[in-house]
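Below is structure-v5.cif, which holds mmCIF, C-alpha atoms.
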data_run
#
loop_
_atom_site.label_atom_id
_atom_site.label_comp_id
_atom_site.auth_asym_id
_atom_site.auth_seq_id
_atom_site.Cartn_x
_atom_site.Cartn_y
_atom_site.Cartn_z
CA MET A 287 11.58 -40.34 31.44
CA LYS A 288 13.95 -43.33 31.50
CA GLU A 289 11.81 -45.20 28.99
CA SER A 290 12.16 -42.34 26.45
CA ILE A 291 15.93 -42.42 26.76
CA SER A 292 16.08 -46.10 25.85
CA ILE A 293 14.30 -45.45 22.57
CA LEU A 294 17.37 -43.68 21.23
CA LEU A 295 20.06 -46.02 22.51
CA PHE A 296 20.10 -47.98 19.26
CA LEU A 297 20.87 -44.81 17.35
CA SER A 298 24.24 -44.38 19.05
CA ILE A 299 25.70 -47.82 18.45
CA LEU A 300 27.19 -47.33 15.01
CA LEU A 301 25.50 -44.47 13.23
CA SER A 302 25.53 -41.78 15.90
CA SER A 303 25.89 -39.01 13.31
CA TRP A 304 22.53 -39.98 11.82
CA ALA A 305 20.67 -39.37 15.04
CA GLN A 306 21.43 -35.68 15.43
CA GLU A 307 17.93 -34.71 14.31
CA MET A 308 16.26 -37.41 16.41
CA LYS A 309 16.34 -36.27 20.04
CA ILE A 310 13.53 -36.87 22.47
CA ILE A 311 13.01 -33.98 24.86
CA GLU A 312 13.86 -35.16 28.36
CA ASP A 313 13.36 -31.86 30.20
CA GLU A 314 9.90 -32.19 31.72
CA SER A 315 9.88 -28.48 32.56
CA CYS A 316 10.08 -27.84 28.80
CA GLY A 317 11.80 -24.45 28.98
CA CYS A 318 10.24 -23.47 25.65
CA ASP A 319 11.08 -19.93 24.61
CA ILE A 320 8.59 -17.31 23.48
CA VAL A 321 10.16 -16.36 20.16
CA LEU A 322 9.14 -14.68 16.90
CA ILE A 323 10.52 -16.35 13.76
CA ASN A 324 9.48 -15.39 10.23
CA GLY A 325 6.26 -13.79 11.42
CA ILE A 326 5.21 -16.68 13.71
CA GLU A 327 5.29 -16.20 17.48
CA THR A 328 5.18 -18.81 20.23
CA THR A 329 2.24 -18.43 22.63
CA LYS A 330 1.74 -19.85 26.11
CA ASP A 331 -1.19 -20.68 28.37
CA GLY A 332 -0.01 -22.08 31.68
CA ASP A 333 2.37 -24.91 30.79
CA LEU A 334 1.03 -25.40 27.25
CA TYR A 335 2.24 -23.79 24.04
CA GLY A 336 0.97 -22.84 20.61
CA PHE A 337 1.62 -20.32 17.83
CA ARG A 338 0.11 -17.15 16.38
CA LEU A 339 0.90 -14.84 13.51
CA GLU A 340 2.49 -11.46 14.09
CA ASN A 341 -0.94 -9.83 13.57
CA GLY A 342 -2.32 -11.84 16.49
CA THR A 343 -4.14 -14.58 14.55
CA GLN A 344 -3.81 -17.89 16.43
CA ILE A 345 -2.72 -20.66 14.03
CA ALA A 346 -2.02 -23.42 16.55
CA PRO A 347 -3.88 -23.62 19.88
CA ASN A 348 -2.03 -23.77 23.20
CA ILE A 349 -2.23 -27.56 23.51
CA TYR A 350 1.40 -28.63 23.22
CA ARG A 351 3.60 -29.57 26.14
CA TYR A 352 6.72 -28.91 24.07
CA VAL A 353 7.31 -26.88 20.92
CA ASP A 354 10.52 -26.35 18.99
CA ARG A 355 11.24 -23.35 16.77
CA PHE A 356 10.19 -23.31 13.12
CA HIS A 357 12.74 -24.68 10.63
CA GLY A 358 12.02 -24.37 6.93
CA GLY A 359 8.31 -23.91 7.52
CA TYR A 360 7.92 -26.81 9.96
CA CYS A 361 8.02 -27.17 13.73
CA LYS A 362 8.29 -30.23 15.99
CA VAL A 363 5.62 -30.36 18.70
CA MET A 364 4.65 -32.75 21.50
CA LEU A 365 1.25 -33.21 23.11
CA ASP A 366 2.95 -35.35 25.75
CA ILE A 367 5.70 -37.95 26.07
CA HIS A 368 5.47 -40.37 23.11
CA GLN A 369 3.07 -37.98 21.35
CA CYS A 370 5.41 -36.13 19.02
CA GLY A 371 4.51 -34.76 15.59
CA LEU A 372 5.16 -31.99 13.10
CA ILE A 373 3.14 -28.88 12.22
CA ASP A 374 3.51 -26.53 9.26
CA SER A 375 3.39 -22.73 9.19
CA THR A 376 -0.43 -22.79 9.08
CA GLY A 377 -0.57 -24.79 12.33
CA ARG A 378 -1.73 -27.97 10.57
CA GLN A 379 -0.37 -31.26 11.94
CA VAL A 380 1.37 -32.61 8.86
CA VAL A 381 2.64 -35.55 10.92
CA PRO A 382 0.21 -36.60 13.67
CA CYS A 383 1.37 -36.50 17.29
CA ILE A 384 1.59 -40.28 17.72
CA TYR A 385 5.34 -40.87 17.55
CA ASP A 386 8.12 -41.02 20.12
CA ASP A 387 10.12 -38.60 17.99
CA VAL A 388 10.20 -37.06 14.52
CA SER A 389 12.81 -35.36 12.36
CA TYR A 390 12.45 -32.36 10.09
CA PRO A 391 11.59 -33.13 6.45
CA SER A 392 14.22 -33.99 3.88
CA ASP A 393 13.47 -35.03 0.29
CA GLY A 394 9.76 -35.10 1.15
CA ARG A 395 10.20 -37.65 3.92
CA VAL A 396 10.02 -37.35 7.71
CA LEU A 397 11.98 -39.81 9.84
CA VAL A 398 9.78 -41.04 12.70
CA ALA A 399 10.40 -43.32 15.70
CA LYS A 400 7.93 -45.46 17.63
CA ASP A 401 8.51 -48.31 20.08
CA GLY A 402 12.14 -48.71 19.10
CA LEU A 403 11.55 -48.82 15.33
CA LEU A 404 12.09 -46.14 12.69
CA GLY A 405 10.42 -45.43 9.38
CA TYR A 406 9.30 -42.50 7.24
CA THR A 407 6.11 -40.56 6.55
CA ASP A 408 5.33 -38.21 3.70
CA LEU A 409 4.40 -34.54 4.23
CA ASN A 410 0.73 -35.48 4.70
CA GLY A 411 1.54 -37.76 7.63
CA HIS A 412 0.99 -40.99 5.71
CA VAL A 413 3.49 -43.78 6.31
CA ALA A 414 5.64 -43.91 3.18
CA ILE A 415 8.19 -46.46 4.43
CA PRO A 416 7.05 -48.75 7.28
CA LEU A 417 8.61 -48.47 10.71
CA GLN A 418 10.97 -51.43 10.47
CA TYR A 419 14.51 -50.16 11.08
CA ARG A 420 16.51 -50.18 14.29
CA GLN A 421 18.78 -47.48 12.86
CA ALA A 422 18.02 -44.93 10.18
CA GLY A 423 18.92 -41.43 9.08
CA THR A 424 17.34 -38.54 7.21
CA PHE A 425 17.38 -38.35 3.42
CA SER A 426 20.06 -36.57 1.41
CA GLU A 427 20.18 -36.51 -2.39
CA GLY A 428 17.32 -39.03 -2.45
CA CYS A 429 19.12 -41.56 -0.24
CA ALA A 430 18.90 -42.37 3.46
CA PRO A 431 21.27 -44.55 5.51
CA ILE A 432 19.69 -47.51 7.30
CA ALA A 433 20.89 -50.59 9.16
CA VAL A 434 19.66 -54.05 8.18
CA ILE A 435 19.53 -56.44 11.15
CA GLU A 436 20.40 -60.01 10.12
CA ASP A 437 20.43 -61.52 13.63
CA SER A 438 20.96 -60.43 17.22
CA PHE A 439 24.72 -60.20 16.70
CA PHE A 440 25.15 -58.87 13.17
CA PHE A 441 23.81 -56.05 11.06
CA TYR A 442 25.06 -54.11 8.07
CA THR A 443 24.41 -50.63 6.72
CA THR A 444 23.30 -49.48 3.31
CA PHE A 445 21.06 -46.88 1.62
CA ILE A 446 17.39 -46.78 0.63
CA ASP A 447 15.57 -44.46 -1.76
CA THR A 448 12.40 -42.50 -0.94
CA THR A 449 10.24 -45.57 -1.73
CA GLY A 450 12.17 -47.76 0.72
CA ARG A 451 14.00 -49.74 -1.96
CA ILE A 452 17.48 -50.90 -0.90
CA LEU A 453 19.88 -49.33 -3.38
CA PHE A 454 23.08 -51.31 -2.95
CA PRO A 455 23.57 -54.96 -2.00
CA ASP A 456 27.00 -54.25 -0.47
CA HIS A 457 27.27 -54.84 3.26
CA PHE A 458 29.00 -51.73 4.55
CA GLU A 459 30.29 -51.51 8.11
CA ASP A 460 29.52 -47.80 8.30
CA ILE A 461 28.33 -45.06 5.98
CA ASN A 462 27.81 -41.31 5.90
CA PRO A 463 25.11 -39.43 3.94
CA PHE A 464 25.52 -38.50 0.27
CA ARG A 465 26.87 -35.07 -0.50
CA ASP A 466 27.71 -33.66 -3.92
CA GLY A 467 27.05 -37.07 -5.48
CA TYR A 468 29.26 -39.18 -3.22
CA ALA A 469 28.99 -40.97 0.13
CA PRO A 470 31.80 -42.21 2.41
CA VAL A 471 31.53 -45.94 3.14
CA LYS A 472 33.56 -48.25 5.37
CA LEU A 473 34.66 -51.81 4.64
CA TYR A 474 37.20 -53.83 6.65
CA ASP A 475 37.95 -50.79 8.82
CA ARG A 476 38.87 -48.66 5.80
CA TRP A 477 36.99 -45.78 4.20
CA GLY A 478 36.31 -45.01 0.56
CA LEU A 479 33.66 -43.28 -1.59
CA ILE A 480 30.75 -44.54 -3.65
CA ASP A 481 28.65 -42.69 -6.22
CA HIS A 482 24.89 -42.95 -6.72
CA SER A 483 25.28 -46.16 -8.69
CA GLY A 484 27.06 -47.78 -5.75
CA ARG A 485 30.39 -47.88 -7.61
CA LEU A 486 33.51 -47.40 -5.52
CA VAL A 487 35.07 -44.28 -6.99
CA LEU A 488 37.71 -44.18 -4.25
CA PRO A 489 38.90 -47.56 -2.92
CA THR A 490 38.35 -48.34 0.77
CA ARG A 491 41.96 -47.91 1.85
CA TYR A 492 41.91 -45.03 4.33
CA GLU A 493 41.62 -45.26 8.11
CA PHE A 494 40.13 -41.78 8.31
CA MET A 495 37.93 -39.65 6.06
CA THR A 496 36.05 -36.39 6.60
CA GLU A 497 32.65 -35.63 5.12
CA MET A 498 32.77 -33.98 1.72
CA ASP A 499 32.71 -30.19 1.85
CA ASP A 500 31.99 -28.60 -1.54
CA THR A 501 33.56 -31.68 -3.22
CA LEU A 502 36.72 -31.44 -1.09
CA PHE A 503 37.60 -33.89 1.68
CA PHE A 504 40.52 -35.18 3.73
CA ALA A 505 41.57 -38.82 3.88
CA GLY A 506 44.47 -40.66 5.44
CA ASP A 507 45.35 -42.35 8.71
CA GLU A 508 45.88 -41.32 12.33
CA GLU A 509 49.34 -40.00 11.49
CA ALA A 510 48.43 -37.62 8.66
CA THR A 511 45.79 -36.82 6.05
CA ALA A 512 45.77 -35.14 2.63
CA LEU A 513 43.21 -32.94 0.87
CA PHE A 514 41.43 -34.62 -2.08
CA ASP A 515 39.42 -33.05 -4.90
CA ARG A 516 36.33 -34.25 -6.78
CA ARG A 517 38.52 -36.32 -9.12
CA MET A 518 39.62 -38.29 -6.03
CA GLN A 519 43.16 -37.01 -6.43
CA PRO A 520 45.27 -35.74 -3.50
CA LEU A 521 45.94 -32.00 -3.71
CA THR A 522 48.44 -31.94 -0.84
CA PRO A 523 51.00 -34.25 0.76
CA PHE A 524 49.81 -36.43 3.65
CA ALA A 525 50.94 -33.81 6.16
CA TYR A 526 47.92 -32.60 8.16
CA THR A 527 46.67 -33.97 11.46
CA TRP A 528 43.46 -31.93 11.68
CA SER A 529 41.20 -29.99 9.34
CA GLY A 530 38.18 -27.77 9.85
CA THR A 531 35.24 -26.52 7.80
CA LEU A 532 35.66 -24.60 4.56
CA SER A 533 34.73 -20.91 4.93
CA ASP A 534 35.42 -18.05 2.52
CA ASN A 535 37.31 -20.62 0.37
CA ARG A 536 39.78 -21.28 3.20
CA ILE A 537 40.24 -24.55 5.11
CA PRO A 538 41.85 -24.45 8.59
CA VAL A 539 44.46 -27.18 9.05
CA LEU A 540 46.98 -28.35 11.65
CA ARG A 541 50.54 -29.28 10.69
CA ASN A 542 53.40 -29.93 13.10
CA GLY A 543 51.33 -28.56 15.97
CA LYS A 544 50.57 -25.20 14.30
CA TYR A 545 47.47 -23.91 12.49
CA GLY A 546 47.12 -22.29 9.10
CA PHE A 547 44.81 -22.31 6.05
CA LEU A 548 44.65 -24.03 2.66
CA ASP A 549 42.85 -22.68 -0.39
CA ARG A 550 40.60 -24.88 -2.54
CA GLN A 551 43.59 -25.96 -4.66
CA GLY A 552 45.45 -27.28 -1.62
CA LYS A 553 47.95 -24.43 -1.44
CA GLU A 554 48.92 -23.40 2.09
CA ILE A 555 47.82 -19.84 1.47
CA ILE A 556 48.26 -18.87 5.13
CA PRO A 557 51.24 -20.67 6.72
CA CYS A 558 50.81 -23.00 9.68
CA ILE A 559 52.35 -20.68 12.27
CA TYR A 560 49.49 -19.96 14.72
CA ASP A 561 48.59 -21.56 18.05
CA MET A 562 44.88 -21.21 17.29
CA VAL A 563 42.66 -19.98 14.47
CA GLY A 564 38.93 -19.48 13.91
CA THR A 565 36.81 -19.83 10.77
CA PHE A 566 36.46 -16.98 8.30
CA HIS A 567 33.44 -14.69 8.38
CA LEU A 568 33.17 -11.51 6.31
CA GLY A 569 36.67 -12.32 5.09
CA ARG A 570 38.16 -12.14 8.59
CA THR A 571 39.22 -14.65 11.25
CA MET A 572 40.72 -14.70 14.73
CA VAL A 573 44.31 -15.92 15.21
CA ASN A 574 46.26 -16.56 18.39
CA LEU A 575 49.95 -16.65 19.31
CA GLY A 576 50.82 -17.38 22.92
CA ASN A 577 48.26 -15.53 25.04
CA ARG A 578 47.62 -12.76 22.50
CA TYR A 579 44.93 -12.45 19.84
CA GLY A 580 44.48 -10.66 16.53
CA ILE A 581 42.57 -10.79 13.24
CA ILE A 582 43.74 -11.58 9.69
CA ASP A 583 42.02 -11.58 6.29
CA THR A 584 41.83 -14.41 3.73
CA ALA A 585 45.22 -13.43 2.27
CA GLY A 586 46.85 -13.58 5.69
CA ARG A 587 47.17 -9.80 6.00
CA THR A 588 46.96 -8.40 9.53
CA ILE A 589 43.70 -6.55 10.24
CA LEU A 590 44.19 -6.37 14.00
CA PRO A 591 47.71 -6.87 15.42
CA ILE A 592 48.23 -9.96 17.58
CA GLU A 593 48.51 -8.02 20.83
CA TYR A 594 45.04 -8.22 22.38
CA GLU A 595 43.63 -10.25 25.30
CA ASN A 596 40.99 -12.86 26.00
CA THR A 597 40.48 -13.10 29.75
CA THR A 598 36.75 -13.90 30.04
CA ASN A 599 34.36 -16.47 28.65
CA HIS A 600 31.76 -13.85 27.81
CA GLY A 601 31.02 -13.19 24.16
CA ALA A 602 32.67 -14.40 20.98
CA LYS A 603 35.69 -12.16 20.75
CA TYR A 604 37.53 -11.35 17.53
CA ILE A 605 34.62 -12.66 15.44
CA PHE A 606 32.45 -10.25 13.46
CA HIS A 607 28.75 -9.96 14.24
CA ASP A 608 26.74 -7.15 12.67
CA SER A 609 30.08 -6.13 11.05
CA LEU A 610 31.67 -5.41 14.44
CA ALA A 611 34.04 -7.58 16.50
CA LEU A 612 34.38 -7.56 20.28
CA ILE A 613 38.01 -7.08 21.41
CA GLU A 614 39.75 -6.73 24.78
CA LYS A 615 42.73 -4.68 25.93
CA ASP A 616 43.99 -3.98 29.46
CA GLY A 617 40.85 -5.53 30.94
CA ARG A 618 38.45 -3.27 29.00
CA PHE A 619 36.22 -4.10 26.04
CA GLY A 620 35.45 -2.30 22.79
CA PHE A 621 34.49 -3.03 19.18
CA ILE A 622 36.24 -2.69 15.80
CA ASP A 623 34.98 -2.74 12.22
CA THR A 624 36.17 -5.08 9.47
CA ASP A 625 39.03 -2.70 8.59
CA GLY A 626 40.37 -2.81 12.15
CA ASN A 627 39.18 0.67 13.10
CA LEU A 628 38.14 1.15 16.74
CA ILE A 629 34.45 2.09 16.47
CA ILE A 630 33.40 1.74 20.11
CA PRO A 631 36.24 2.59 22.57
CA PHE A 632 37.61 0.38 25.35
CA TYR A 633 35.09 1.60 27.87
CA PHE A 634 33.27 -1.44 29.23
CA GLU A 635 34.10 -3.84 32.06
CA ASP A 636 32.64 -6.77 30.13
CA ALA A 637 30.63 -7.33 26.96
CA TYR A 638 29.11 -9.83 24.58
CA GLN A 639 29.16 -9.77 20.79
CA PHE A 640 26.51 -7.88 18.79
CA SER A 641 23.36 -9.73 17.86
CA GLU A 642 20.35 -8.27 16.01
CA GLY A 643 21.97 -4.83 16.18
CA LEU A 644 22.46 -4.73 19.96
CA ALA A 645 25.20 -5.82 22.38
CA PRO A 646 25.02 -6.40 26.15
CA VAL A 647 27.80 -4.39 27.88
CA LYS A 648 28.77 -3.88 31.52
CA HIS A 649 29.49 -0.52 33.19
CA ASN A 650 29.91 0.23 36.90
CA GLY A 651 28.96 -3.34 37.77
CA LEU A 652 25.65 -3.42 35.87
CA TRP A 653 24.65 -4.46 32.36
CA GLY A 654 22.85 -2.52 29.64
CA TYR A 655 22.59 -2.60 25.83
CA ILE A 656 24.23 -0.45 23.15
CA ASP A 657 23.60 -0.17 19.41
CA THR A 658 26.23 -0.45 16.66
CA LYS A 659 26.99 3.29 16.95
CA GLY A 660 27.85 2.87 20.62
CA ASP A 661 24.73 4.70 21.83
CA VAL A 662 22.98 3.35 24.94
CA PHE A 663 19.80 1.53 23.93
CA MET A 664 18.82 0.32 27.42
CA PRO A 665 20.31 1.69 30.63
CA PHE A 666 22.80 -0.07 32.90
CA VAL A 667 20.29 -1.57 35.34
CA PHE A 668 20.61 -5.35 34.86
CA ASN A 669 22.48 -7.82 37.06
CA VAL A 670 22.86 -10.12 34.03
CA ALA A 671 22.12 -9.61 30.33
CA SER A 672 22.41 -11.94 27.33
CA PRO A 673 22.62 -11.42 23.54
CA TYR A 674 19.40 -11.17 21.52
CA ARG A 675 18.11 -14.20 19.69
CA TYR A 676 14.90 -14.28 17.63
CA GLY A 677 13.98 -10.83 18.93
CA ARG A 678 14.25 -11.71 22.63
CA ALA A 679 16.96 -11.39 25.28
CA GLU A 680 17.08 -12.77 28.82
CA VAL A 681 18.02 -10.40 31.64
CA VAL A 682 18.13 -10.43 35.43
CA TYR A 683 16.54 -7.30 36.91
CA LEU A 684 16.02 -6.80 40.67
CA GLY A 685 17.00 -10.42 41.19
CA GLU A 686 14.34 -11.85 38.82
CA THR A 687 14.88 -13.42 35.40
CA ARG A 688 12.89 -11.63 32.72
CA ASN A 689 12.69 -11.42 28.91
CA VAL A 690 12.91 -8.22 26.88
CA ASN A 691 11.99 -7.70 23.22
CA ARG A 692 13.81 -5.76 20.52
CA GLN A 693 11.98 -2.55 21.47
CA GLY A 694 13.15 -2.73 25.10
CA LYS A 695 9.75 -3.86 26.38
CA CYS A 696 9.44 -6.54 29.06
CA VAL A 697 7.64 -9.63 27.69
CA LYS A 698 8.11 -12.24 30.43
CA ASN A 699 7.82 -11.99 34.24
CA CYS A 700 6.91 -8.30 33.91
CA LYS A 701 4.93 -7.42 37.03
CA GLY A 702 5.25 -3.65 37.54
CA ILE A 703 7.52 -3.24 34.48
CA ILE A 704 6.61 -2.01 31.01
CA SER A 705 9.79 -0.92 29.26
CA TRP A 706 13.32 -0.43 30.50
CA ARG A 707 13.93 2.21 27.88
CA LYS A 708 11.70 4.55 29.87
CA LEU A 709 14.13 4.30 32.77
CA ASP A 710 16.66 6.09 30.61
CA GLN A 711 14.37 8.97 29.67
#
Translate the structure of the given file into structure tokens.
Amino acid sequence: MKESISILLFLSILLSSWAQEMKIIEDESCGCDIVLINGIETTKDGDLYGFRLENGTQIAPNIYRYVDRFHGGYCKVMLDIHQCGLIDSTGRQVVPCIYDDVSYPSDGRVLVAKDGLLGYTDLNGHVAIPLQYRQAGTFSEGCAPIAVIEDSFFFYTTFIDTTGRILFPDHFEDINPFRDGYAPVKLYDRWGLIDHSGRLVLPTRYEFMTEMDDTLFFAGDEEATALFDRRMQPLTPFAYTWSGTLSDNRIPVLRNGKYGFLDRQGKEIIPCIYDMVGTFHLGRTMVNLGNRYGIIDTAGRTILPIEYENTTNHGAKYIFHDSLALIEKDGRFGFIDTDGNLIIPFYFEDAYQFSEGLAPVKHNGLWGYIDTKGDVFMPFVFNVASPYRYGRAEVVYLGETRNVNRQGKCVKNCKGIISWRKLDQ
């Protein structure tokens, strides 16, 4: 597999963020999951995979060595190494399996790689932009970042449109994709912003710049950054040394070694007083002071007092899933609702967060599953249990790794087992 690794080395030189959708599978054992997504289920015959509809109709034969999961109606598949393509939800190969790697579609174009070069196909598999680039990214707002190689020692970056036409003659040192009409560009080690005409709407004067998030972004230097709005005006002083992703109209920031939140106008709506914070979900987020944890809302009001523990790596504590959050106290685990009410008492020795209406929990040394009311869905018989994802969960039962579906039925490595729910009857 060493030769497949080298294909992607050029993607990490300058534009590593572009390559996130361009990963060649290096695990020869595949490890593909049998999952059901939007009515399409993975099928398996020996070491080969395909897909069928929920009613049992096979739409793609079991001919693929590797299959991904469907994203937006498309799925990446591989017949073998260097035979990667894309199928749609009918099983049709919209991009033939002749490439080293492919991306998922964006703006009607699919980024493809072959023999160290990148180009683009359309959604019928026809080459729309020849494979000629050593570095390239997926399209966003009709533009894709590419690198133009001038000689063995020098190249510059710019954007192309969906026909392959170079949009701007400027030789940028680095660029990020367009978002909300603007793209960060780098010249002489300083960042600024251009619009779709290529005009610099924010001069390249900043050492550091985040990607635009709903027209807001941070810019500054290693010492401190400020929040800017769509008019390219700073909304805050240059006072923050870290910023996170906007959620529920709140932006986590770090000032003087403490975390808090800004609103969209740059007001520090929740003061920077915490040792750690999460991102908001359902109007709630985790906060930490010392070795204690709690939950606040978007106004900074306390939902769960900062007096709870976090002693294990299992689960995502103090974050709401299925409207319940896993919390820990005195070495036991329970669940609260979004108002801070204890819904499932501190009864379990360990637990994971809820997923698809069920949570793995541990009692008397063994794992089982409960529903959001706290009722036992599957008995405590597993050595290990994991959260559900795409209707499947992985468990260890009698020393063997098996898969169970949302009805409690064994669906992988099931010799002598039908359903664990019957064990509880």
Subject >> Chain and number of each residue from the PyMOL selection byres ((chain A and resi 599-610) around 7), as a PyMOL selection string >> reply: chain A and resi 567+571-572+581+598+611-613+621-624+637-641+643
Subject >> atom CA of A:Gly336 to atom CA of A:Val413, straight-line distance in Å >> reply: 25.5 Å
Original post:
Using only C-alpha atoms, which residues sit within 10 Å of stretch 670-683 of chain A once same-chain residues fewer than 3 positions away are excluded, as number ranges by chain?
Top reply: A: 319-324, 327, 355, 600-601, 637-648, 651-655, 666-667, 686-698, 706
Subject >> Selection near stretch 486-491 of chain A, 7 Å with all atoms listed in the file, sequence-local residues under 5 positions removed, as a count of residues only >> reply: 9
Original post:
Do you have the atom CA of A:Thr527-atom CA of A:Glu509 distance handy?
Top reply: 6.6 Å
**OP:** List the residues selected by the PyMOL selection byres ((chain A and resi 504) around 7) in the file shown, writing them as a PyMOL selection string.
**Re:** chain A and resi 495-496+503+505-506+511-514
Show me, as a PDB file with C-alpha atoms, in the frame of the given file, the residues that have an atom within 10 Å of A:Thr449 when counting all atoms listed in the file, minus same-chain residues fewer than 5 positions from it.
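Listing of part-v6.pdb after writing:
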ATOM      1  CA  ARG A 395      10.200 -37.650   3.920  1.00  0.00           C
ATOM      2  CA  TYR A 406       9.300 -42.500   7.240  1.00  0.00           C
ATOM      3  CA  ALA A 414       5.640 -43.910   3.180  1.00  0.00           C
ATOM      4  CA  ILE A 415       8.190 -46.460   4.430  1.00  0.00           C
ATOM      5  CA  GLY A 428      17.320 -39.030  -2.450  1.00  0.00           C
ATOM      6  CA  CYS A 429      19.120 -41.560  -0.240  1.00  0.00           C
TER       7      CYS A 429
END
Original post:
Of the candidates A:Leu684, A:Ala525, A:Cys700, A:Leu532, which one gets nearest to A:Cys558 if we count all atoms listed in the file?
Top reply: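 Distance minimum relative to A:Cys558 lands on A:Ala525.
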Original post:
When distances are computed from all atoms listed in the file, which of A:Tyr442, A:Tyr335, A:Phe634, A:Phe524 shows the smallest separation from A:Ala422?
Top reply: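 Closest to A:Ala422, using all atoms listed in the file: A:Tyr442.
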Subject >> Local residues around (43.3, -13.3, 6.7), at most 9 Å away, using all atoms listed in the file, as number ranges by chain >> reply: A: 556, 566, 569-573, 581-589
Subject >> Hits from the PyMOL selection byres ((chain A and resi 380) around 8), listed as a list of chain:residue names >> reply: A:Gly371, A:Leu372, A:Ile373, A:Asp374, A:Arg378, A:Gln379, A:Val381, A:Pro382, A:Leu409, A:Asn410, A:Gly411
Subject >> Two-atom distance - atom CA of A:Arg541, atom CA of A:Tyr526 (Å) >> reply: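 Pair atom CA of A:Arg541 / atom CA of A:Tyr526 returns 4.9 Å.
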Original post:
Which one is closest to A:Asn699: A:Pro523, A:Pro557, A:Gly685, A:Leu417? Count all atoms listed in the file.
Top reply: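 Smallest distance to A:Asn699 is found for A:Gly685.
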Original post:
Between A:Arg451, A:Arg485, A:Lys362, A:His457, which has the minimum distance to A:Val434 (counting only C-alpha atoms)?
Top reply: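 The shortest atom-to-atom distance to A:Val434 comes from A:His457.
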**OP:** Kindly indicate which residue among A:Glu493, A:Glu427, A:Glu340, A:Asp661 lies nearest to A:Ile326, using all atoms listed in the file for the distances.
**Re:**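 The answer is A:Glu340, which sits nearest to A:Ile326.
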**OP:** Go through A:Asp499, A:Glu508, A:Asp408, A:Glu554 and flag the residue nearest A:Thr531, using all atoms listed in the file for the distances.
**Re:**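 For A:Thr531, the nearest of the given residues is A:Asp499.
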Subject >> Contact residues around stretch 328-334 of chain A with all atoms listed in the file at 12 Å, ignoring same-chain residues under 6 positions, as a PyMOL selection string >> reply: chain A and resi 314-322+340+342-356+361+363-366+375+377+676-678+697-698
